[in-house]
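Engineer: Let me give you the structure first, and then I'll get to my questions.
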Amino acid sequence: MRRYLVLALFVCALGTMVLFIVSRFAVTTNMIDFVPAGDDQKLYQVGKQLADSPLTRSMILSVGPRAGAESRVAPAAAFLASTLRKTPGISALRSGVAQDTQRAFYELYFSRRFQLLPAGDEPGAMDFSDSSLRQLAEQLKSRLAGAESFLIRKIATRDPWLLFPKLVDRLENSQHSQLSLRNGQLMSPDGHAMLFLSLEDSAFDSRAQSPVVKAVNGAAVEASARYGVTVEQSGANRFAVTAEQKIRQDVQRVSVCSALAVVLLFLLLFRSLRYLLFACLPLLAAFTSAVTVSLVLFGQLHAITLTFGSALIGVCIDYPLHLLNHHSASAPSHAKRSASTLRLGLGLACATTVAGLVGLGFAPFPGIRQIAVFSVVGVTAALLTTLWVLPPLIGDWRPTAPWLAPLSAHFARLVTGLRNRRQVAAFLPVLALVIVIAGWARLTWDDQLRHLTPLDRQLQAENDRVRARVSSVEMGKFIVVLAPDAESALIENDRVARLLDGAVAEHSLSGFHSLNQWLPSRKTQLATHARVTERPQLAAATRAALESAGFDAAAFSEIATELSRAPKPLEWSELRASPLGEWVSAFVTELDGEVAVITFLRGVQDPAALRQLLAPLPQAHYFDQSAMLNDSYRDFRQQTLGLVVLGLLLVVALVVARYRRVRASVVALAPALLAGATTVGLLSLLGQSLNLLHILSLLLVLSMGVDYGVFLAEAGDDEHAAVTQLSLLAACLTTLCSFGALALSDVPALQAMGLTVAIGVVLALLLAPVVVILAEGSQES
């Protein structure tokens with residue numbers, strides 16, 4: 001009766017968690033979660049918001065001609081636009097300049113043209129001297145006779161200085177864009193039609209972006225086939241979906257390998273499907289508990305957490321395997337007795353694993369904290385299920401397992417043979433120490449964050465080609481101005497723009513893309529208007545210059561009214577709410593009650609000189625996203641290494657507190673420590689540069705190595721030690737299958753985990769009995 005009650009409660013708890021997971025499950029591949037939230041917290045937050053901003057929530061399509069198909073580019077672009085506008089997940093599509101955008105630009109900027117152009121000593125400032133006015137009158141005559149006369153005639157009587165066309169030209173030049181408008185379609189210089197897609201969801205939400213990428217790919221294939229054109233794409237979502245697919249494949253491979261290893265192991269060792277089902281229960285509990293708690297705390301799971309955690313939980317097979325093996329090998333009794341005998345050993349093994357992982361909960365990386373929570377919850381759930389759920393279900397039943405006794409006896413003979421040849425047993429630790437010394441002397445670190453994710457070179461090359469047709473701005477390098485309100489931020493941004501103009505003149509910077517061209521501060525606009533209109537009788541002098549150029553001065557009677565209008569500064573709120581808002585939204589973001597204004601840079605020659613240039617402006621910060629991430633990644637890799645050492649000290653303290661004897665403590669700890677150190681040395685000798693994920697994997701090696709040592713230290717007599725060694729071999733084989741599959745991954749981060757753990761657990765398995773033998777010899781002498 002109790003067996004069924006336990007099973008019913010377990011199934012109810014499991015079912016509740018599964019329902020929650022199904023309703024809330026979400027996976028991300030965004031590597032910003034593995035970026036430290038460090039001392040420059042605000043800049044980190046800006047970088048994180050930029051990673052999920054209109055800049056990344058976008059795609060660009062480039063429709064190019066094949067030989068003899070130049071005339072089909074525009075129809076193909078129109079087909080793509082009409083098809084993709086109806087696609088769920090795409091919030092907007094722009095292939096030209098809409099009429100409402102042109103109207104909004106005129107309404108916002110024409111009446112403000114006096115306050116938005118450079119004045120005074122600024123580069124390109126307007127000059128209203130008599131000679132300059134005569135030159136402006138001649139320019140007006142020339143442009144009225146040119147191709148754009150229709151547009152010029154509409155504004156000439158109110159703007160004979162052609163301030164508005166100059167403002168338009170200035171804004172176009174500030175975009176560093178190579179696109180032009182042909183028959184309403186944005187075109188690149190090499191004849192490609194360009195389409196800009198805005199996405200509803202984060203580009204790194206692979207679940208939401210997968211159908212979008214699929215729909216765009218389908219439309220691109222259809223357009224290529226129908227019109228004989230080439231369609232190329234650019235978008236962060238394509239990299240996210242590709243990375244998620246690769247990681248998903250790795251997860252499936254690890255799951256299949258682990259499952260097959262467990263099935264084969266149990267069928268060979270126990271010849272029992274019932275034992276196989278028993279062993280799966282702690283794994284199910286571990287996985288569902290870990291996913292549930294992670295979703296509650298973090299809202300979503302990172303793909304690396306899912307893969308790493310799944311592999312770690314696969315290691316939890318050690319607990320039920322240890323219980324089932326000892327129960328089968330012991331005298332007939334209820335499984336509760338076996339669980340009671342093993343409780344201290346299994347509890348200490350779990351406690352050391354949790355102690356090693358708990359330090360990672362304080363890591364500066366959100367992704368690492370998630371891995372720590374996932375792993376701690378999973379390991380704990382596996383132990384509790386093994387000790388409290390399995391025994392009532394197993395009862396006093398045991399399989400007919402003819403392999404167990406011979407295998408255990410064989411292990412006993414091997415250990416006896418090594419015990420009689422301690423010089424041979426000592427060879428392995430000595431060899432390990434040689435590898436440690438040689439390898440650690442060549443140890444190097446790889447602190448490039450981009451090396452953690454797979455790079456699809458074809459996808460990257462296509463992305464670069466499309467981006468090059470649009471703009472030459474370097475999206476990863478910018479200046480951030482942080483201020484309590486929009487006007488304060490704009491005032492500081494004006495100062496930044498003036499400094500950058502000087503840097504461009506000195507050739508230390510190729511160019512920049514700033515909100516300053518679209519929207520100077522209110523203060524600057526009023527000052528500019530005053531300087532532009534400060535000349536007395538400017539209206540009369542202008543009419544005289546026009547008359548000398550052959551114009552009828554009476555036709556320009558409105559210019560006096562235009563000059564006498566009170567200035568009305570353009571505000572950020574008005575610009576953002578207009579149809580032009582999507583063109584400038586990337587420049588401004590809000591952060592913890594502050595306004596961040598961003599200036600994008602091009603051709604930074606000397607970052608140190610640029611920082612020095614900005615030194616007088618405390619609210620302005622130079623931000624090289626790649627360099628900052630790598631620097632922070634290096635700093636916090638070192639901090640995480642410190643947390644791992646702290647976790648290891650906790651493990652040592654737990655083991656020493658449990659045994660309070662040197663020999664038992666050495667037996668429990670030495671295999672793990674030596675296996676971890678030897679793994680680092682061996683990886684280094686193999687030419688591997690270590691990174692953060694190697695450190696995390698070493699933590700797993702240390703945790704599992706301590707488990708092996710603890711199980712042997714708890715084993716006691718030779719008979720139990722032989723059964724324990726058989727359990728350890730089986731556990732090592734399942735771990736090797738899981739992490740060996742990871743070592744074959746195309747994802748560098750997962751590859752590092754797999755290779756490190758696969759090497760480490762094998763070394764720990766080999767060293768554990770050797771350390772026991774050498775410790776016995778030391779005690780005897």
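Please note that chains go A, B, ... in the order of the structure tokens, that every chain numbers its residues from 1, and that ligands are numbered from 1 in the order shown.
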Give me the residues near segment 683-698 of chain A as an MDAnalysis selection string, where near means some atom within 8 Å (using only C-alpha atoms) and where sequence neighbours in that chain fewer than 2 positions away do not count.

Structural biologist: chainID A and resid 438:440 442:447 637 640:641 644 676 679:681 700:702 749:750 752:754 756:757 760

Engineer: Quick one: DSSP strand (DSSP E or B) residues in segment 220-351 of chain A, as a VMD selection string?

Structural biologist: chain A and resid 229 to 234 301 to 302

Engineer: Identify which of the residues A:Val706, A:Leu306, A:Ala664, A:Leu384 lies closest to Leu648 of chain A, counting only C-alpha atoms when measuring atom-to-atom distances.

Structural biologist: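 Ranked by minimum distance to Leu648 of chain A, first place goes to A:Val706.
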
Engineer: Among segment 509-695 of chain A, which residues carry a DSSP assignment of alpha helix (DSSP H), reported as number ranges by chain?

Structural biologist: A: 522-532, 538-548, 559-564, 572-577, 581-584, 607-614, 625-659, 662-685, 692-695

Engineer: When you look at segment 105-112 of chain A with a cut-off of 8 Å (counting only C-alpha atoms), what residues show up, excluding the ones that are within fewer than 2 positions of it in the same chain? I need them as a PDB file with all heavy atoms, in the first residue's frame.

Structural biologist:
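Contents of part10.pdb, as written:
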ATOM      1  N   THR A 101       6.232  59.807 -44.069  1.00  0.00           N
ATOM      2  CA  THR A 101       7.554  60.116 -43.525  1.00  0.00           C
ATOM      3  C   THR A 101       8.092  61.402 -44.140  1.00  0.00           C
ATOM      4  O   THR A 101       8.635  62.264 -43.437  1.00  0.00           O
ATOM      5  CB  THR A 101       8.525  58.955 -43.785  1.00  0.00           C
ATOM      6  OG1 THR A 101       8.002  57.766 -43.197  1.00  0.00           O
ATOM      7  CG2 THR A 101       9.892  59.249 -43.200  1.00  0.00           C
ATOM      8  N   GLN A 102       7.942  61.550 -45.465  1.00  0.00           N
ATOM      9  CA  GLN A 102       8.400  62.768 -46.125  1.00  0.00           C
ATOM     10  C   GLN A 102       7.619  63.980 -45.628  1.00  0.00           C
ATOM     11  O   GLN A 102       8.192  65.049 -45.391  1.00  0.00           O
ATOM     12  CB  GLN A 102       8.234  62.621 -47.642  1.00  0.00           C
ATOM     13  CG  GLN A 102       9.071  61.493 -48.233  1.00  0.00           C
ATOM     14  CD  GLN A 102       8.889  61.364 -49.731  1.00  0.00           C
ATOM     15  OE1 GLN A 102       8.814  62.352 -50.446  1.00  0.00           O
ATOM     16  NE2 GLN A 102       8.816  60.124 -50.215  1.00  0.00           N
ATOM     17  N   ARG A 103       6.302  63.795 -45.458  1.00  0.00           N
ATOM     18  CA  ARG A 103       5.473  64.906 -44.977  1.00  0.00           C
ATOM     19  C   ARG A 103       5.876  65.275 -43.550  1.00  0.00           C
ATOM     20  O   ARG A 103       5.980  66.472 -43.214  1.00  0.00           O
ATOM     21  CB  ARG A 103       3.996  64.508 -45.036  1.00  0.00           C
ATOM     22  CG  ARG A 103       3.031  65.662 -44.741  1.00  0.00           C
ATOM     23  CD  ARG A 103       1.575  65.209 -44.769  1.00  0.00           C
ATOM     24  NE  ARG A 103       1.279  64.427 -45.949  1.00  0.00           N
ATOM     25  CZ  ARG A 103       1.031  63.121 -45.935  1.00  0.00           C
ATOM     26  NH1 ARG A 103       1.081  62.450 -44.802  1.00  0.00           N
ATOM     27  NH2 ARG A 103       0.735  62.471 -47.053  1.00  0.00           N
ATOM     28  N   PHE A 114      16.209  77.325 -39.353  1.00  0.00           N
ATOM     29  CA  PHE A 114      17.162  78.327 -38.859  1.00  0.00           C
ATOM     30  C   PHE A 114      17.898  77.839 -37.614  1.00  0.00           C
ATOM     31  O   PHE A 114      18.992  78.331 -37.317  1.00  0.00           O
ATOM     32  CB  PHE A 114      16.425  79.639 -38.515  1.00  0.00           C
ATOM     33  CG  PHE A 114      15.812  80.327 -39.701  1.00  0.00           C
ATOM     34  CD1 PHE A 114      14.432  80.340 -39.875  1.00  0.00           C
ATOM     35  CD2 PHE A 114      16.596  80.944 -40.656  1.00  0.00           C
ATOM     36  CE1 PHE A 114      13.863  80.962 -40.963  1.00  0.00           C
ATOM     37  CE2 PHE A 114      16.032  81.570 -41.750  1.00  0.00           C
ATOM     38  CZ  PHE A 114      14.655  81.578 -41.908  1.00  0.00           C
ATOM     39  N   GLN A 115      17.290  76.911 -36.870  1.00  0.00           N
ATOM     40  CA  GLN A 115      17.869  76.503 -35.585  1.00  0.00           C
ATOM     41  C   GLN A 115      18.557  75.135 -35.634  1.00  0.00           C
ATOM     42  O   GLN A 115      19.111  74.697 -34.638  1.00  0.00           O
ATOM     43  CB  GLN A 115      16.780  76.482 -34.498  1.00  0.00           C
ATOM     44  CG  GLN A 115      15.666  75.495 -34.773  1.00  0.00           C
ATOM     45  CD  GLN A 115      14.356  75.888 -34.092  1.00  0.00           C
ATOM     46  OE1 GLN A 115      13.929  77.044 -34.183  1.00  0.00           O
ATOM     47  NE2 GLN A 115      13.745  74.940 -33.399  1.00  0.00           N
ATOM     48  N   LEU A 116      18.515  74.474 -36.802  1.00  0.00           N
ATOM     49  CA  LEU A 116      19.053  73.126 -36.888  1.00  0.00           C
ATOM     50  C   LEU A 116      20.277  73.007 -37.779  1.00  0.00           C
ATOM     51  O   LEU A 116      20.832  71.928 -37.935  1.00  0.00           O
ATOM     52  CB  LEU A 116      17.968  72.154 -37.372  1.00  0.00           C
ATOM     53  CG  LEU A 116      16.802  71.954 -36.391  1.00  0.00           C
ATOM     54  CD1 LEU A 116      15.707  71.123 -37.022  1.00  0.00           C
ATOM     55  CD2 LEU A 116      17.286  71.296 -35.104  1.00  0.00           C
ATOM     56  N   PHE A 164      16.632  74.629 -46.128  1.00  0.00           N
ATOM     57  CA  PHE A 164      15.994  73.323 -45.968  1.00  0.00           C
ATOM     58  C   PHE A 164      16.677  72.248 -46.824  1.00  0.00           C
ATOM     59  O   PHE A 164      16.965  71.151 -46.318  1.00  0.00           O
ATOM     60  CB  PHE A 164      14.500  73.418 -46.301  1.00  0.00           C
ATOM     61  CG  PHE A 164      13.749  72.151 -46.013  1.00  0.00           C
ATOM     62  CD1 PHE A 164      13.579  71.691 -44.722  1.00  0.00           C
ATOM     63  CD2 PHE A 164      13.218  71.401 -47.061  1.00  0.00           C
ATOM     64  CE1 PHE A 164      12.887  70.513 -44.465  1.00  0.00           C
ATOM     65  CE2 PHE A 164      12.534  70.225 -46.810  1.00  0.00           C
ATOM     66  CZ  PHE A 164      12.367  69.778 -45.507  1.00  0.00           C
ATOM     67  N   PRO A 567      11.401  81.142 -32.363  1.00  0.00           N
ATOM     68  CA  PRO A 567      11.855  79.752 -32.514  1.00  0.00           C
ATOM     69  C   PRO A 567      11.026  78.802 -31.640  1.00  0.00           C
ATOM     70  O   PRO A 567      10.641  79.130 -30.518  1.00  0.00           O
ATOM     71  CB  PRO A 567      13.314  79.802 -32.055  1.00  0.00           C
ATOM     72  CG  PRO A 567      13.384  80.981 -31.138  1.00  0.00           C
ATOM     73  CD  PRO A 567      12.410  81.992 -31.686  1.00  0.00           C
ATOM     74  N   LYS A 568      10.762  77.615 -32.175  1.00  0.00           N
ATOM     75  CA  LYS A 568      10.065  76.572 -31.436  1.00  0.00           C
ATOM     76  C   LYS A 568      10.943  75.324 -31.477  1.00  0.00           C
ATOM     77  O   LYS A 568      10.910  74.571 -32.451  1.00  0.00           O
ATOM     78  CB  LYS A 568       8.700  76.293 -32.056  1.00  0.00           C
ATOM     79  CG  LYS A 568       7.905  75.241 -31.304  1.00  0.00           C
ATOM     80  CD  LYS A 568       6.590  74.910 -32.008  1.00  0.00           C
ATOM     81  CE  LYS A 568       5.834  73.811 -31.258  1.00  0.00           C
ATOM     82  NZ  LYS A 568       4.585  73.431 -31.973  1.00  0.00           N
ATOM     83  N   PRO A 569      11.756  75.114 -30.442  1.00  0.00           N
ATOM     84  CA  PRO A 569      12.698  73.991 -30.482  1.00  0.00           C
ATOM     85  C   PRO A 569      11.995  72.643 -30.660  1.00  0.00           C
ATOM     86  O   PRO A 569      10.904  72.416 -30.133  1.00  0.00           O
ATOM     87  CB  PRO A 569      13.403  74.073 -29.124  1.00  0.00           C
ATOM     88  CG  PRO A 569      13.226  75.494 -28.684  1.00  0.00           C
ATOM     89  CD  PRO A 569      11.901  75.911 -29.208  1.00  0.00           C
ATOM     90  N   LEU A 570      12.661  71.778 -31.412  1.00  0.00           N
ATOM     91  CA  LEU A 570      12.186  70.407 -31.590  1.00  0.00           C
ATOM     92  C   LEU A 570      12.570  69.597 -30.359  1.00  0.00           C
ATOM     93  O   LEU A 570      13.713  69.629 -29.920  1.00  0.00           O
ATOM     94  CB  LEU A 570      12.816  69.802 -32.850  1.00  0.00           C
ATOM     95  CG  LEU A 570      12.433  68.364 -33.200  1.00  0.00           C
ATOM     96  CD1 LEU A 570      10.947  68.227 -33.453  1.00  0.00           C
ATOM     97  CD2 LEU A 570      13.220  67.893 -34.421  1.00  0.00           C
ATOM     98  N   LEU A 575       9.807  64.230 -31.775  1.00  0.00           N
ATOM     99  CA  LEU A 575      10.483  63.487 -32.841  1.00  0.00           C
ATOM    100  C   LEU A 575      10.210  61.988 -32.726  1.00  0.00           C
ATOM    101  O   LEU A 575       9.937  61.310 -33.713  1.00  0.00           O
ATOM    102  CB  LEU A 575      11.986  63.755 -32.774  1.00  0.00           C
ATOM    103  CG  LEU A 575      12.861  63.048 -33.810  1.00  0.00           C
ATOM    104  CD1 LEU A 575      12.451  63.424 -35.224  1.00  0.00           C
ATOM    105  CD2 LEU A 575      14.334  63.361 -33.566  1.00  0.00           C
ATOM    106  N   LEU A 580       9.068  59.703 -38.134  1.00  0.00           N
ATOM    107  CA  LEU A 580      10.528  59.615 -38.184  1.00  0.00           C
ATOM    108  C   LEU A 580      11.102  58.874 -36.970  1.00  0.00           C
ATOM    109  O   LEU A 580      12.303  58.623 -36.917  1.00  0.00           O
ATOM    110  CB  LEU A 580      11.142  61.022 -38.233  1.00  0.00           C
ATOM    111  CG  LEU A 580      10.838  61.865 -39.474  1.00  0.00           C
ATOM    112  CD1 LEU A 580      11.391  63.265 -39.297  1.00  0.00           C
ATOM    113  CD2 LEU A 580      11.427  61.226 -40.705  1.00  0.00           C
TER     114      LEU A 580
END

Engineer: As an exercise, work out the distance from atom CA of Leu729 of chain A to atom CA of Leu269 of chain A in Å and give it to one decimal place.

Structural biologist: 11.3 Å

Engineer: Ranking A:Ala8, A:Leu767, A:Ala503, A:Leu61 by minimum distance to Phe427 of chain A and counting only C-alpha atoms, which one comes first?

Structural biologist: A:Leu767

Engineer: Residues at most 9 Å from segment 385-388 of chain A, counting only C-alpha atoms, excluding those fewer than 3 positions away in the same chain, as a tab-separated table (two decimals) with N, CA, C and O atoms, in the first residue's frame?

Structural biologist:
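Done, and the output landed in out03.tsv:
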chain	number	residue	atom	x	y	z
A	6	VAL	N	3.44	6.24	-2.37
A	6	VAL	CA	4.66	6.96	-2.76
A	6	VAL	C	4.68	7.21	-4.25
A	6	VAL	O	5.00	8.31	-4.72
A	10	PHE	N	4.57	10.85	-6.11
A	10	PHE	CA	5.68	11.18	-7.03
A	10	PHE	C	5.14	11.56	-8.41
A	10	PHE	O	5.57	12.55	-9.00
A	278	PHE	N	13.44	2.04	-12.51
A	278	PHE	CA	13.77	2.62	-11.21
A	278	PHE	C	14.86	3.70	-11.35
A	278	PHE	O	14.78	4.76	-10.74
A	279	ALA	N	15.89	3.39	-12.15
A	279	ALA	CA	17.00	4.34	-12.31
A	279	ALA	C	16.58	5.62	-12.99
A	279	ALA	O	17.17	6.69	-12.77
A	281	LEU	N	13.72	7.22	-12.64
A	281	LEU	CA	12.90	8.10	-11.81
A	281	LEU	C	13.70	9.26	-11.20
A	281	LEU	O	13.25	10.41	-11.25
A	282	PRO	N	14.88	9.02	-10.59
A	282	PRO	CA	15.66	10.18	-10.10
A	282	PRO	C	16.06	11.15	-11.21
A	282	PRO	O	16.13	12.37	-10.97
A	283	LEU	N	16.33	10.62	-12.41
A	283	LEU	CA	16.70	11.51	-13.51
A	283	LEU	C	15.52	12.38	-13.92
A	283	LEU	O	15.68	13.58	-14.19
A	285	ALA	N	12.98	13.25	-12.01
A	285	ALA	CA	12.78	14.21	-10.92
A	285	ALA	C	13.80	15.33	-10.98
A	285	ALA	O	13.47	16.51	-10.80
A	286	ALA	N	15.06	14.97	-11.25
A	286	ALA	CA	16.13	15.97	-11.31
A	286	ALA	C	15.87	16.97	-12.43
A	286	ALA	O	15.95	18.19	-12.22
A	319	TYR	N	23.69	7.91	-8.34
A	319	TYR	CA	22.99	7.66	-7.08
A	319	TYR	C	22.13	6.39	-7.16
A	319	TYR	O	22.29	5.48	-6.34
A	320	PRO	N	21.18	6.33	-8.11
A	320	PRO	CA	20.39	5.08	-8.17
A	320	PRO	C	21.24	3.87	-8.55
A	320	PRO	O	20.97	2.75	-8.09
A	323	LEU	N	22.84	2.59	-5.43
A	323	LEU	CA	21.85	1.93	-4.58
A	323	LEU	C	21.46	0.57	-5.14
A	323	LEU	O	21.45	-0.45	-4.42
A	336	LYS	N	15.17	-0.51	1.76
A	336	LYS	CA	15.37	0.54	2.76
A	336	LYS	C	16.69	0.33	3.51
A	336	LYS	O	17.37	1.29	3.88
A	339	ALA	N	19.47	1.55	1.35
A	339	ALA	CA	19.46	3.02	1.32
A	339	ALA	C	20.00	3.58	2.62
A	339	ALA	O	20.75	4.57	2.63
A	340	SER	N	19.63	2.92	3.76
A	340	SER	CA	20.12	3.38	5.06
A	340	SER	C	21.64	3.22	5.16
A	340	SER	O	22.33	4.10	5.69
A	342	LEU	N	23.78	3.28	2.70
A	342	LEU	CA	24.46	4.19	1.76
A	342	LEU	C	24.15	5.66	2.01
A	342	LEU	O	24.71	6.52	1.34
A	343	ARG	N	23.23	5.95	2.94
A	343	ARG	CA	22.73	7.32	3.08
A	343	ARG	C	23.84	8.33	3.37
A	343	ARG	O	23.90	9.40	2.77
A	346	LEU	N	26.07	8.68	0.09
A	346	LEU	CA	25.37	9.40	-0.98
A	346	LEU	C	25.10	10.85	-0.57
A	346	LEU	O	25.23	11.77	-1.39
A	380	THR	N	20.18	17.69	-6.09
A	380	THR	CA	19.46	17.48	-4.83
A	380	THR	C	18.20	16.64	-5.05
A	380	THR	O	17.90	15.73	-4.26
A	381	ALA	N	17.46	16.96	-6.11
A	381	ALA	CA	16.23	16.20	-6.40
A	381	ALA	C	16.56	14.74	-6.70
A	381	ALA	O	15.82	13.83	-6.30
A	382	ALA	N	17.66	14.49	-7.41
A	382	ALA	CA	18.05	13.11	-7.72
A	382	ALA	C	18.37	12.34	-6.44
A	382	ALA	O	17.98	11.16	-6.29
A	391	PRO	N	13.39	3.22	-2.55
A	391	PRO	CA	13.32	2.06	-1.65
A	391	PRO	C	11.91	1.46	-1.50
A	391	PRO	O	11.76	0.24	-1.59
A	392	PRO	N	10.85	2.27	-1.26
A	392	PRO	CA	9.52	1.65	-1.16
A	392	PRO	C	9.09	0.97	-2.46
A	392	PRO	O	8.36	-0.02	-2.42

Engineer: As a PyMOL selection string, please: the residues near Phe128 of chain A (cut-off 12 Å, only C-alpha atoms, same-chain neighbours under 3 positions excluded).

Structural biologist: chain A and resi 119-120+125+131-137+160-161+163+531-542+545

Engineer: The selected residues should be written to file as an mmCIF file, in the first residue's frame (atoms: N, CA and C atoms).

Structural biologist:
data_model
loop_
_atom_site.group_PDB
_atom_site.id
_atom_site.type_symbol
_atom_site.label_atom_id
_atom_site.label_comp_id
_atom_site.auth_asym_id
_atom_site.auth_seq_id
_atom_site.Cartn_x
_atom_site.Cartn_y
_atom_site.Cartn_z
ATOM 1 N N ALA A 119 26.022 76.995 -37.059
ATOM 2 C CA ALA A 119 26.154 78.461 -37.064
ATOM 3 C C ALA A 119 27.423 78.839 -36.324
ATOM 4 N N GLY A 120 27.805 80.086 -36.438
ATOM 5 C CA GLY A 120 28.987 80.571 -35.736
ATOM 6 C C GLY A 120 30.264 79.983 -36.302
ATOM 7 N N ALA A 125 29.083 76.159 -41.116
ATOM 8 C CA ALA A 125 28.150 77.181 -40.631
ATOM 9 C C ALA A 125 27.739 78.123 -41.753
ATOM 10 N N SER A 131 28.368 89.227 -49.762
ATOM 11 C CA SER A 131 28.925 88.397 -50.823
ATOM 12 C C SER A 131 28.342 86.980 -50.783
ATOM 13 N N SER A 132 28.150 86.450 -49.566
ATOM 14 C CA SER A 132 27.558 85.110 -49.440
ATOM 15 C C SER A 132 26.110 85.111 -49.896
ATOM 16 N N LEU A 133 25.376 86.174 -49.603
ATOM 17 C CA LEU A 133 23.976 86.250 -50.040
ATOM 18 C C LEU A 133 23.892 86.265 -51.562
ATOM 19 N N ARG A 134 24.842 86.959 -52.228
ATOM 20 C CA ARG A 134 24.836 86.985 -53.698
ATOM 21 C C ARG A 134 25.128 85.580 -54.249
ATOM 22 N N GLN A 135 26.067 84.855 -53.592
ATOM 23 C CA GLN A 135 26.349 83.481 -54.022
ATOM 24 C C GLN A 135 25.127 82.577 -53.830
ATOM 25 N N LEU A 136 24.419 82.782 -52.725
ATOM 26 C CA LEU A 136 23.218 81.981 -52.471
ATOM 27 C C LEU A 136 22.151 82.264 -53.515
ATOM 28 N N ALA A 137 22.053 83.519 -53.937
ATOM 29 C CA ALA A 137 21.063 83.875 -54.965
ATOM 30 C C ALA A 137 21.404 83.204 -56.289
ATOM 31 N N PRO A 160 14.830 81.355 -49.686
ATOM 32 C CA PRO A 160 15.727 81.613 -50.811
ATOM 33 C C PRO A 160 17.181 81.258 -50.495
ATOM 34 N N TRP A 161 17.513 81.081 -49.220
ATOM 35 C CA TRP A 161 18.873 80.703 -48.835
ATOM 36 C C TRP A 161 19.108 79.193 -49.024
ATOM 37 N N LEU A 163 18.091 76.819 -47.117
ATOM 38 C CA LEU A 163 18.475 76.201 -45.849
ATOM 39 C C LEU A 163 17.887 74.794 -45.703
ATOM 40 N N ARG A 531 22.002 83.135 -33.647
ATOM 41 C CA ARG A 531 23.163 83.483 -34.452
ATOM 42 C C ARG A 531 22.807 83.618 -35.936
ATOM 43 N N VAL A 532 21.929 82.737 -36.416
ATOM 44 C CA VAL A 532 21.569 82.773 -37.837
ATOM 45 C C VAL A 532 20.814 84.052 -38.180
ATOM 46 N N THR A 533 19.963 84.485 -37.274
ATOM 47 C CA THR A 533 19.093 85.634 -37.571
ATOM 48 C C THR A 533 19.589 86.929 -36.933
ATOM 49 N N GLU A 534 20.860 86.952 -36.473
ATOM 50 C CA GLU A 534 21.327 88.116 -35.713
ATOM 51 C C GLU A 534 21.641 89.327 -36.611
ATOM 52 N N ARG A 535 21.845 89.129 -37.912
ATOM 53 C CA ARG A 535 22.194 90.277 -38.763
ATOM 54 C C ARG A 535 20.988 91.190 -38.938
ATOM 55 N N PRO A 536 21.111 92.470 -38.621
ATOM 56 C CA PRO A 536 19.995 93.407 -38.837
ATOM 57 C C PRO A 536 19.672 93.513 -40.332
ATOM 58 N N GLN A 537 18.429 93.705 -40.623
ATOM 59 C CA GLN A 537 17.966 93.900 -42.001
ATOM 60 C C GLN A 537 18.386 92.752 -42.925
ATOM 61 N N LEU A 538 18.414 91.522 -42.396
ATOM 62 C CA LEU A 538 18.786 90.373 -43.226
ATOM 63 C C LEU A 538 17.793 90.185 -44.363
ATOM 64 N N ALA A 539 16.512 90.438 -44.089
ATOM 65 C CA ALA A 539 15.486 90.268 -45.130
ATOM 66 C C ALA A 539 15.731 91.240 -46.283
ATOM 67 N N ALA A 540 16.024 92.501 -45.959
ATOM 68 C CA ALA A 540 16.269 93.498 -47.002
ATOM 69 C C ALA A 540 17.538 93.155 -47.787
ATOM 70 N N ALA A 541 18.591 92.735 -47.080
ATOM 71 C CA ALA A 541 19.838 92.385 -47.762
ATOM 72 C C ALA A 541 19.634 91.171 -48.669
ATOM 73 N N THR A 542 18.804 90.259 -48.251
ATOM 74 C CA THR A 542 18.535 89.073 -49.066
ATOM 75 C C THR A 542 17.777 89.450 -50.332
ATOM 76 N N ALA A 545 20.122 91.042 -52.796
ATOM 77 C CA ALA A 545 20.971 90.055 -53.470
ATOM 78 C C ALA A 545 20.171 89.309 -54.537
#
